[in-house]
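**Q** What follows is upload-v2.cif, mmCIF, C-alpha atoms.
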data_upload
#
loop_
_atom_site.label_atom_id
_atom_site.label_comp_id
_atom_site.auth_asym_id
_atom_site.auth_seq_id
_atom_site.Cartn_x
_atom_site.Cartn_y
_atom_site.Cartn_z
CA MET A 79 -97.53 -86.97 -255.21
CA ILE A 80 -101.17 -86.98 -256.32
CA ASN A 81 -100.62 -90.59 -257.31
CA THR A 82 -99.60 -91.48 -253.78
CA ILE A 83 -102.66 -89.78 -252.32
CA ILE A 84 -105.00 -91.65 -254.67
CA ILE A 85 -103.38 -95.00 -253.93
CA ALA A 86 -103.43 -94.38 -250.17
CA ALA A 87 -107.11 -93.40 -250.28
CA LEU A 88 -107.98 -96.52 -252.29
CA LEU A 89 -106.07 -98.83 -249.94
CA LEU A 90 -107.51 -97.27 -246.80
CA GLY A 91 -111.01 -97.37 -248.27
CA GLY A 92 -110.69 -101.02 -249.19
CA ALA A 93 -109.44 -101.99 -245.75
CA PHE A 94 -112.22 -99.93 -244.18
CA PHE A 95 -114.92 -101.71 -246.17
CA SER A 96 -113.48 -105.07 -245.19
CA LEU A 97 -113.61 -103.97 -241.56
CA LEU A 98 -117.24 -102.90 -242.04
CA ALA A 99 -118.05 -106.38 -243.32
CA ALA A 100 -116.49 -107.95 -240.24
CA ILE A 101 -118.38 -105.63 -237.91
CA GLY A 102 -121.56 -106.51 -239.77
CA ILE A 103 -120.98 -110.23 -239.43
CA VAL A 104 -120.65 -109.85 -235.67
CA ARG A 105 -123.39 -107.32 -234.99
CA PHE A 106 -126.29 -108.31 -237.25
CA PRO A 107 -129.13 -110.30 -235.64
CA ASP A 108 -129.78 -113.30 -237.92
CA PHE A 109 -128.09 -115.34 -240.60
CA TYR A 110 -129.57 -113.63 -243.64
CA THR A 111 -128.51 -110.13 -242.66
CA ARG A 112 -125.08 -111.44 -241.72
CA MET A 113 -124.77 -113.08 -245.12
CA HIS A 114 -125.81 -109.82 -246.73
CA ALA A 115 -123.05 -107.97 -244.90
CA ALA A 116 -120.38 -110.59 -245.42
CA THR A 117 -120.68 -111.03 -249.16
CA LYS A 118 -121.23 -107.55 -250.57
CA ALA A 119 -118.89 -105.35 -248.58
CA PRO A 120 -115.73 -107.47 -249.03
CA ALA A 121 -116.32 -107.59 -252.79
CA PHE A 122 -116.29 -103.80 -252.89
CA GLY A 123 -113.28 -103.73 -250.55
CA ILE A 124 -111.34 -106.09 -252.80
CA LEU A 125 -112.31 -103.92 -255.78
CA LEU A 126 -110.82 -100.83 -254.11
CA LEU A 127 -107.68 -102.66 -252.95
CA GLN A 128 -107.02 -104.21 -256.35
CA THR A 129 -107.53 -100.88 -258.09
CA GLY A 130 -105.04 -99.31 -255.69
CA ALA A 131 -102.50 -102.04 -256.36
CA ALA A 132 -103.01 -101.74 -260.13
CA ILE A 133 -102.41 -97.97 -260.01
CA HIS A 134 -99.40 -98.46 -257.74
CA PHE A 135 -97.57 -100.96 -259.92
CA ALA A 136 -98.87 -99.63 -263.26
CA SER A 137 -97.62 -102.66 -265.17
CA ILE A 138 -99.46 -104.93 -267.59
CA TYR A 139 -99.02 -107.83 -265.21
CA ALA A 140 -100.55 -106.12 -262.17
CA ILE A 141 -103.40 -104.58 -264.15
CA GLY A 142 -104.21 -107.92 -265.75
CA ILE A 143 -104.25 -109.81 -262.48
CA SER A 144 -106.31 -107.09 -260.82
CA LEU A 145 -108.91 -106.98 -263.59
CA MET A 146 -109.14 -110.76 -263.61
CA VAL A 147 -109.68 -110.99 -259.87
CA ILE A 148 -112.22 -108.13 -259.83
CA VAL A 149 -114.29 -109.68 -262.62
CA PHE A 150 -114.10 -113.10 -261.01
CA ILE A 151 -115.10 -111.82 -257.56
CA PHE A 152 -118.05 -109.88 -258.95
CA LEU A 153 -119.18 -112.93 -260.93
CA THR A 154 -118.89 -115.46 -258.11
CA ALA A 155 -119.84 -113.57 -254.95
CA PRO A 156 -123.57 -113.42 -255.88
CA VAL A 157 -123.58 -117.08 -256.92
CA SER A 158 -122.03 -118.40 -253.72
CA SER A 159 -124.12 -116.16 -251.46
CA HIS A 160 -127.28 -117.23 -253.28
CA ALA A 161 -126.38 -120.90 -252.87
CA ILE A 162 -125.68 -120.50 -249.16
CA SER A 163 -128.82 -118.48 -248.41
CA ARG A 164 -131.01 -120.90 -250.37
CA VAL A 165 -129.63 -123.83 -248.39
CA ALA A 166 -130.08 -121.91 -245.14
CA HIS A 167 -133.71 -121.23 -246.03
CA LEU A 168 -134.23 -124.89 -246.84
CA LEU A 169 -132.73 -125.88 -243.50
CA LYS A 170 -135.19 -123.46 -241.81
CA ILE A 171 -132.63 -121.31 -240.12
CA GLU A 172 -134.40 -118.77 -237.95
CA ILE A 173 -135.44 -115.46 -239.46
CA TRP A 174 -135.20 -112.31 -237.38
CA ASP A 175 -138.64 -111.62 -235.88
CA LYS A 176 -138.71 -108.10 -237.31
CA THR A 177 -138.42 -109.37 -240.88
CA SER A 178 -141.51 -108.12 -242.66
CA MET A 179 -141.87 -110.55 -245.56
CA ASP A 180 -140.66 -113.97 -246.62
CA GLU A 181 -141.93 -114.67 -250.12
CA LEU A 182 -140.06 -117.92 -250.57
CA ALA A 183 -141.75 -119.64 -247.62
CA SER A 184 -145.27 -118.97 -248.92
CA HIS A 185 -144.54 -120.44 -252.35
CA GLN A 186 -146.75 -123.49 -252.80
CA ASP A 187 -144.43 -126.32 -253.80
CA TYR A 188 -141.44 -125.02 -251.97
CA GLY A 189 -138.98 -127.42 -250.41
CA LYS A 190 -140.60 -130.66 -251.48
CA GLY A 191 -138.51 -131.27 -254.52
CA LYS A 192 -136.36 -134.17 -255.43
CA SER A 193 -134.84 -136.86 -253.36
CA SER A 194 -131.09 -137.07 -253.70
CA THR A 195 -131.28 -140.09 -256.00
CA ASP A 196 -133.72 -138.53 -258.46
CA ASP A 197 -131.97 -135.99 -260.63
CA THR A 198 -134.65 -135.38 -263.23
CA THR A 199 -136.89 -133.11 -261.17
CA THR A 200 -135.48 -130.06 -259.50
CA PRO A 201 -137.17 -128.13 -256.70
CA LYS A 202 -139.00 -125.13 -258.04
CA ASP A 203 -138.06 -121.82 -256.63
CA MET B 238 -91.95 -100.74 -264.07
CA ASN B 239 -91.60 -97.01 -264.04
CA ALA B 240 -90.36 -95.23 -260.91
CA ILE B 241 -92.54 -96.69 -258.22
CA VAL B 242 -93.19 -94.22 -255.43
CA ASN B 243 -93.31 -95.79 -252.01
CA ILE B 244 -96.57 -95.54 -250.14
CA PRO B 245 -96.06 -93.98 -246.68
CA GLU B 246 -95.60 -96.60 -244.04
CA TRP B 247 -98.48 -95.48 -241.84
CA VAL B 248 -100.96 -96.13 -244.64
CA THR B 249 -100.02 -99.77 -245.04
CA LEU B 250 -99.76 -100.13 -241.27
CA ALA B 251 -103.27 -98.73 -240.78
CA CYS B 252 -104.63 -101.05 -243.48
CA MET B 253 -102.95 -104.03 -241.84
CA VAL B 254 -104.39 -103.09 -238.44
CA MET B 255 -107.91 -102.73 -239.86
CA LEU B 256 -107.67 -106.04 -241.69
CA ALA B 257 -106.33 -107.79 -238.59
CA LEU B 258 -109.21 -106.44 -236.53
CA ALA B 259 -111.65 -107.66 -239.19
CA LEU B 260 -109.97 -111.06 -239.15
CA LEU B 261 -110.40 -111.29 -235.38
CA LEU B 262 -114.09 -110.39 -235.62
CA SER B 263 -114.77 -112.92 -238.37
CA LEU B 264 -112.89 -115.61 -236.42
CA PHE B 265 -115.17 -114.84 -233.51
CA ARG B 266 -118.18 -115.53 -235.71
CA LEU B 267 -116.46 -118.63 -237.11
CA ILE B 268 -116.06 -120.09 -233.62
CA LYS B 269 -119.33 -118.93 -232.09
CA GLY B 270 -121.67 -119.02 -235.11
CA PRO B 271 -124.81 -120.88 -234.04
CA THR B 272 -125.43 -122.63 -237.36
CA MET B 273 -123.39 -124.18 -240.12
CA PRO B 274 -124.13 -121.55 -242.84
CA ASP B 275 -122.93 -118.87 -240.41
CA ARG B 276 -119.57 -120.57 -240.25
CA ILE B 277 -119.40 -120.98 -244.03
CA VAL B 278 -120.05 -117.28 -244.54
CA ALA B 279 -117.44 -116.39 -241.93
CA LEU B 280 -114.94 -118.61 -243.74
CA ASP B 281 -115.75 -116.82 -246.99
CA LEU B 282 -115.11 -113.46 -245.33
CA THR B 283 -111.83 -114.76 -243.88
CA ALA B 284 -110.63 -115.67 -247.37
CA ALA B 285 -111.51 -112.19 -248.66
CA LEU B 286 -109.52 -110.67 -245.79
CA CYS B 287 -106.53 -112.89 -246.64
CA MET B 288 -106.71 -111.52 -250.18
CA GLY B 289 -106.64 -108.04 -248.69
CA PHE B 290 -103.54 -108.92 -246.67
CA ALA B 291 -101.80 -110.19 -249.80
CA ILE B 292 -102.58 -106.99 -251.71
CA ILE B 293 -101.40 -104.72 -248.90
CA TYR B 294 -98.24 -106.77 -248.51
CA ALA B 295 -97.56 -106.58 -252.25
CA VAL B 296 -97.90 -102.80 -252.20
CA ASP B 297 -95.79 -102.53 -249.04
CA THR B 298 -92.86 -104.55 -250.37
CA ASN B 299 -93.17 -103.49 -254.04
CA GLN B 300 -93.37 -107.12 -255.13
CA GLU B 301 -96.14 -107.49 -257.69
CA ARG B 302 -95.74 -111.28 -257.68
CA TYR B 303 -97.72 -111.39 -254.43
CA LEU B 304 -100.84 -110.41 -256.39
CA ASP B 305 -100.95 -114.01 -257.65
CA ILE B 306 -102.14 -115.08 -254.22
CA THR B 307 -105.39 -113.16 -254.65
CA ALA B 308 -106.22 -114.96 -257.89
CA ILE B 309 -105.61 -118.38 -256.37
CA VAL B 310 -107.57 -117.67 -253.19
CA ALA B 311 -110.49 -116.24 -255.18
CA LEU B 312 -110.65 -119.38 -257.30
CA VAL B 313 -110.38 -121.80 -254.39
CA ILE B 314 -112.83 -120.20 -251.99
CA PHE B 315 -115.63 -120.02 -254.58
CA ILE B 316 -115.40 -123.76 -255.16
CA GLY B 317 -115.22 -124.31 -251.40
CA THR B 318 -118.35 -122.29 -250.66
CA VAL B 319 -120.41 -123.93 -253.39
CA ALA B 320 -119.21 -127.36 -252.28
CA PHE B 321 -120.30 -126.66 -248.69
CA ALA B 322 -123.69 -125.47 -249.95
CA THR B 323 -124.12 -128.59 -252.05
CA TYR B 324 -123.18 -130.76 -249.11
CA LEU B 325 -125.74 -129.13 -246.85
CA LYS B 326 -128.41 -129.37 -249.54
CA LYS B 327 -127.72 -133.07 -249.96
CA LYS B 328 -128.08 -133.49 -246.22
CA TYR B 329 -131.44 -131.70 -246.40
CA TYR B 330 -132.85 -133.95 -249.11
CA ASP B 331 -131.80 -137.16 -247.36
#
Please express the file's structure as structure tokens.

**A**
Amino acid sequence: MINTIIIAALLLGGAFFSLLAAIGIVRFPDFYTRMHAATKAPAFGILLLQTGAAIHFASIYAIGISLMVIVFIFLTAPVSSHAISRVAHLLKIEIWDKTSMDELASHQDYGKGKSSTDDTTTPKD
Amino acid sequence: MNAIVNIPEWVTLACMVMLALALLLSLFRLIKGPTMPDRIVALDLTAALCMGFAIIYAVDTNQERYLDITAIVALVIFIGTVAFATYLKKKYYD
């Protein structure tokens, strides 16, 4: 009985956090805040959902898959969101006018890095 | 597997409804999104929601094999997002 309640709470919480991410991606004003909402909240939602599934099945197989996916999501979500936001900043996508600071734009040799044929020098960030 | 207790049907139904609503909202951003990175991020979110659907469906039908879907989708969408980012970066440096 208590098991069922825990699993139901985990599943509902995970679905709720995924819904929060979707609301954030619609409602936020510029790309960077949208990216912030759309990469952190679903990772936590997947964490909750996978934990619920692992408790529900309680087998080696389900726990292994769940742990693998959780670790992989939490390793890759920051990497992919960093890559996307860096490219968006390079492409000069508009920043919300109430943003108070943009440290990357004031860096001195920002954005004038390599050409695509020259792989020895990388742009400094 | 030891004596799996079924989750009440309204719980899985409510989760499905929430995830479907989230899918609709992210598809809205995928269609409307003013810039390319907006669409990439919306696609990323869509993949995460598909993983959620697979998990809820696995719990609903008591088939733990459906959890494989989440592993595959997590692997594929990471490569997809980084590939899109690399493509856009290449376009910037040209």

**Q** Restrict the calculation to only C-alpha atoms, then for each residue of chain B with any atom at most 8 Å from an atom of chain A give the closest atom pair and their distance in Å to one decimal, rows by chain and rising residue number, as a Markdown table.

**A**
| residue | atom | partner | partner_atom | distance |
| --- | --- | --- | --- | --- |
| B:Met238 | CA | A:Ser137 | CA | 6.1 |
| B:Asn239 | CA | A:Ala136 | CA | 7.8 |
| B:Ile241 | CA | A:Phe135 | CA | 6.8 |
| B:Val242 | CA | A:Thr82 | CA | 7.2 |
| B:Asn243 | CA | A:Thr82 | CA | 7.8 |
| B:Ile244 | CA | A:Thr82 | CA | 6.2 |
| B:Val248 | CA | A:Ala86 | CA | 6.3 |
| B:Thr249 | CA | A:Leu89 | CA | 7.8 |
| B:Ala251 | CA | A:Leu90 | CA | 7.5 |
| B:Cys252 | CA | A:Ala93 | CA | 5.4 |
| B:Met253 | CA | A:Ala93 | CA | 7.8 |
| B:Met255 | CA | A:Leu97 | CA | 6.1 |
| B:Leu256 | CA | A:Ala93 | CA | 6.0 |
| B:Leu258 | CA | A:Leu97 | CA | 7.1 |
| B:Ala259 | CA | A:Leu97 | CA | 4.8 |
| B:Leu260 | CA | A:Ala100 | CA | 7.3 |
| B:Leu262 | CA | A:Ala100 | CA | 5.7 |
| B:Ser263 | CA | A:Ala100 | CA | 5.6 |
| B:Phe265 | CA | A:Val104 | CA | 7.7 |
| B:Arg266 | CA | A:Val104 | CA | 6.2 |
| B:Thr272 | CA | A:Ile171 | CA | 7.8 |
| B:Pro274 | CA | A:Ala166 | CA | 6.4 |
| B:Asp275 | CA | A:Phe109 | CA | 6.3 |
| B:Val278 | CA | A:Met113 | CA | 6.3 |
| B:Ala279 | CA | A:Ala116 | CA | 7.4 |
| B:Asp281 | CA | A:Thr117 | CA | 7.9 |
| B:Leu282 | CA | A:Ala116 | CA | 6.0 |
| B:Ala285 | CA | A:Pro120 | CA | 6.3 |
| B:Leu286 | CA | A:Ser96 | CA | 6.9 |
| B:Met288 | CA | A:Ile124 | CA | 7.6 |
| B:Gly289 | CA | A:Ile124 | CA | 6.5 |
| B:Ile292 | CA | A:Ala131 | CA | 6.8 |
| B:Ile293 | CA | A:Leu89 | CA | 7.6 |
| B:Ala295 | CA | A:Ala131 | CA | 7.9 |
| B:Val296 | CA | A:Ala131 | CA | 6.2 |
| B:Asn299 | CA | A:Phe135 | CA | 7.8 |
| B:Glu301 | CA | A:Ala140 | CA | 6.4 |
| B:Leu304 | CA | A:Ile143 | CA | 7.0 |
| B:Asp305 | CA | A:Ile143 | CA | 7.2 |
| B:Thr307 | CA | A:Val147 | CA | 7.1 |
| B:Ala308 | CA | A:Val147 | CA | 5.6 |
| B:Ala311 | CA | A:Ile151 | CA | 6.8 |
| B:Phe315 | CA | A:Thr154 | CA | 6.6 |
| B:Thr318 | CA | A:Ser158 | CA | 6.2 |
| B:Val319 | CA | A:Ser158 | CA | 5.8 |
| B:Ala322 | CA | A:Ile162 | CA | 5.4 |
| B:Leu325 | CA | A:Val165 | CA | 6.8 |
| B:Lys326 | CA | A:Val165 | CA | 5.8 |
| B:Lys327 | CA | A:Ser194 | CA | 6.4 |
| B:Tyr329 | CA | A:Leu169 | CA | 6.6 |
| B:Tyr330 | CA | A:Ser193 | CA | 5.5 |
| B:Asp331 | CA | A:Ser194 | CA | 6.4 |

**Q** Pick from B:Leu264, B:Ile277, B:Val313, B:Leu250: nearest to Phe290 in chain B, with only C-alpha atoms counted?

**A**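 Closest to Phe290 in chain B of all the choices is B:Leu250.
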
**Q** Between CA of Ala257 in chain B and CA of Ile80 in chain A, measure the distance and give it in Å to one decimal.

**A** 27.8 Å

**Q** Quote the spacing between CA of Glu181 in chain A and CA of Thr111 in chain A in Å to one decimal place.

**A**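 Value for the CA of Glu181 in chain A-CA of Thr111 in chain A distance: 16.0 Å.
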
**Q** Using only C-alpha atoms, can you tell me which of B:Pro245, B:Ile268, B:Leu261, B:Ala284 comes closest to Gly317 in chain B?

**A**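 Closest candidate: B:Ala284.
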
**Q** Extract range 308-330 of chain B from the coordinates I pasted, and write it as a PDB file, in the first residue's frame (atoms kept: N, CA and C atoms).

**A**
ATOM      1  N   ALA B 308      16.371   4.303 -22.829  1.00  0.00           N
ATOM      2  CA  ALA B 308      17.823   4.286 -23.022  1.00  0.00           C
ATOM      3  C   ALA B 308      18.172   4.669 -24.447  1.00  0.00           C
ATOM      4  N   ILE B 309      17.431   4.107 -25.406  1.00  0.00           N
ATOM      5  CA  ILE B 309      17.741   4.383 -26.813  1.00  0.00           C
ATOM      6  C   ILE B 309      17.502   5.856 -27.125  1.00  0.00           C
ATOM      7  N   VAL B 310      16.358   6.382 -26.682  1.00  0.00           N
ATOM      8  CA  VAL B 310      16.039   7.776 -27.003  1.00  0.00           C
ATOM      9  C   VAL B 310      17.052   8.715 -26.362  1.00  0.00           C
ATOM     10  N   ALA B 311      17.467   8.409 -25.123  1.00  0.00           N
ATOM     11  CA  ALA B 311      18.449   9.266 -24.456  1.00  0.00           C
ATOM     12  C   ALA B 311      19.765   9.288 -25.217  1.00  0.00           C
ATOM     13  N   LEU B 312      20.179   8.116 -25.754  1.00  0.00           N
ATOM     14  CA  LEU B 312      21.420   8.083 -26.511  1.00  0.00           C
ATOM     15  C   LEU B 312      21.299   8.870 -27.799  1.00  0.00           C
ATOM     16  N   VAL B 313      20.176   8.679 -28.515  1.00  0.00           N
ATOM     17  CA  VAL B 313      20.055   9.268 -29.844  1.00  0.00           C
ATOM     18  C   VAL B 313      19.932  10.781 -29.774  1.00  0.00           C
ATOM     19  N   ILE B 314      19.143  11.289 -28.816  1.00  0.00           N
ATOM     20  CA  ILE B 314      18.833  12.709 -28.852  1.00  0.00           C
ATOM     21  C   ILE B 314      20.039  13.532 -28.425  1.00  0.00           C
ATOM     22  N   PHE B 315      20.917  12.954 -27.603  1.00  0.00           N
ATOM     23  CA  PHE B 315      22.141  13.697 -27.241  1.00  0.00           C
ATOM     24  C   PHE B 315      23.006  13.925 -28.483  1.00  0.00           C
ATOM     25  N   ILE B 316      23.196  12.847 -29.254  1.00  0.00           N
ATOM     26  CA  ILE B 316      23.987  12.977 -30.479  1.00  0.00           C
ATOM     27  C   ILE B 316      23.314  13.966 -31.419  1.00  0.00           C
ATOM     28  N   GLY B 317      21.982  13.907 -31.512  1.00  0.00           N
ATOM     29  CA  GLY B 317      21.265  14.805 -32.407  1.00  0.00           C
ATOM     30  C   GLY B 317      21.456  16.259 -32.033  1.00  0.00           C
ATOM     31  N   THR B 318      21.340  16.567 -30.726  1.00  0.00           N
ATOM     32  CA  THR B 318      21.474  17.955 -30.302  1.00  0.00           C
ATOM     33  C   THR B 318      22.872  18.489 -30.553  1.00  0.00           C
ATOM     34  N   VAL B 319      23.883  17.680 -30.218  1.00  0.00           N
ATOM     35  CA  VAL B 319      25.260  18.138 -30.422  1.00  0.00           C
ATOM     36  C   VAL B 319      25.560  18.280 -31.911  1.00  0.00           C
ATOM     37  N   ALA B 320      24.982  17.406 -32.734  1.00  0.00           N
ATOM     38  CA  ALA B 320      25.195  17.521 -34.174  1.00  0.00           C
ATOM     39  C   ALA B 320      24.581  18.802 -34.711  1.00  0.00           C
ATOM     40  N   PHE B 321      23.364  19.129 -34.255  1.00  0.00           N
ATOM     41  CA  PHE B 321      22.740  20.392 -34.676  1.00  0.00           C
ATOM     42  C   PHE B 321      23.587  21.587 -34.258  1.00  0.00           C
ATOM     43  N   ALA B 322      24.117  21.542 -33.025  1.00  0.00           N
ATOM     44  CA  ALA B 322      24.935  22.652 -32.547  1.00  0.00           C
ATOM     45  C   ALA B 322      26.197  22.797 -33.382  1.00  0.00           C
ATOM     46  N   THR B 323      26.816  21.656 -33.711  1.00  0.00           N
ATOM     47  CA  THR B 323      28.024  21.714 -34.534  1.00  0.00           C
ATOM     48  C   THR B 323      27.728  22.269 -35.916  1.00  0.00           C
ATOM     49  N   TYR B 324      26.576  21.871 -36.451  1.00  0.00           N
ATOM     50  CA  TYR B 324      26.189  22.363 -37.772  1.00  0.00           C
ATOM     51  C   TYR B 324      26.005  23.880 -37.770  1.00  0.00           C
ATOM     52  N   LEU B 325      25.333  24.378 -36.741  1.00  0.00           N
ATOM     53  CA  LEU B 325      25.109  25.823 -36.678  1.00  0.00           C
ATOM     54  C   LEU B 325      26.428  26.579 -36.482  1.00  0.00           C
ATOM     55  N   LYS B 326      27.327  25.983 -35.681  1.00  0.00           N
ATOM     56  CA  LYS B 326      28.614  26.630 -35.438  1.00  0.00           C
ATOM     57  C   LYS B 326      29.431  26.694 -36.724  1.00  0.00           C
ATOM     58  N   LYS B 327      29.387  25.629 -37.483  1.00  0.00           N
ATOM     59  CA  LYS B 327      30.080  25.607 -38.772  1.00  0.00           C
ATOM     60  C   LYS B 327      29.522  26.689 -39.693  1.00  0.00           C
ATOM     61  N   LYS B 328      28.212  26.850 -39.657  1.00  0.00           N
ATOM     62  CA  LYS B 328      27.588  27.882 -40.481  1.00  0.00           C
ATOM     63  C   LYS B 328      28.046  29.266 -40.036  1.00  0.00           C
ATOM     64  N   TYR B 329      28.265  29.428 -38.704  1.00  0.00           N
ATOM     65  CA  TYR B 329      28.711  30.730 -38.210  1.00  0.00           C
ATOM     66  C   TYR B 329      30.116  31.034 -38.684  1.00  0.00           C
ATOM     67  N   TYR B 330      31.016  30.059 -38.665  1.00  0.00           N
ATOM     68  CA  TYR B 330      32.402  30.340 -39.008  1.00  0.00           C
ATOM     69  C   TYR B 330      32.635  30.449 -40.503  1.00  0.00           C
TER      70      TYR B 330
END
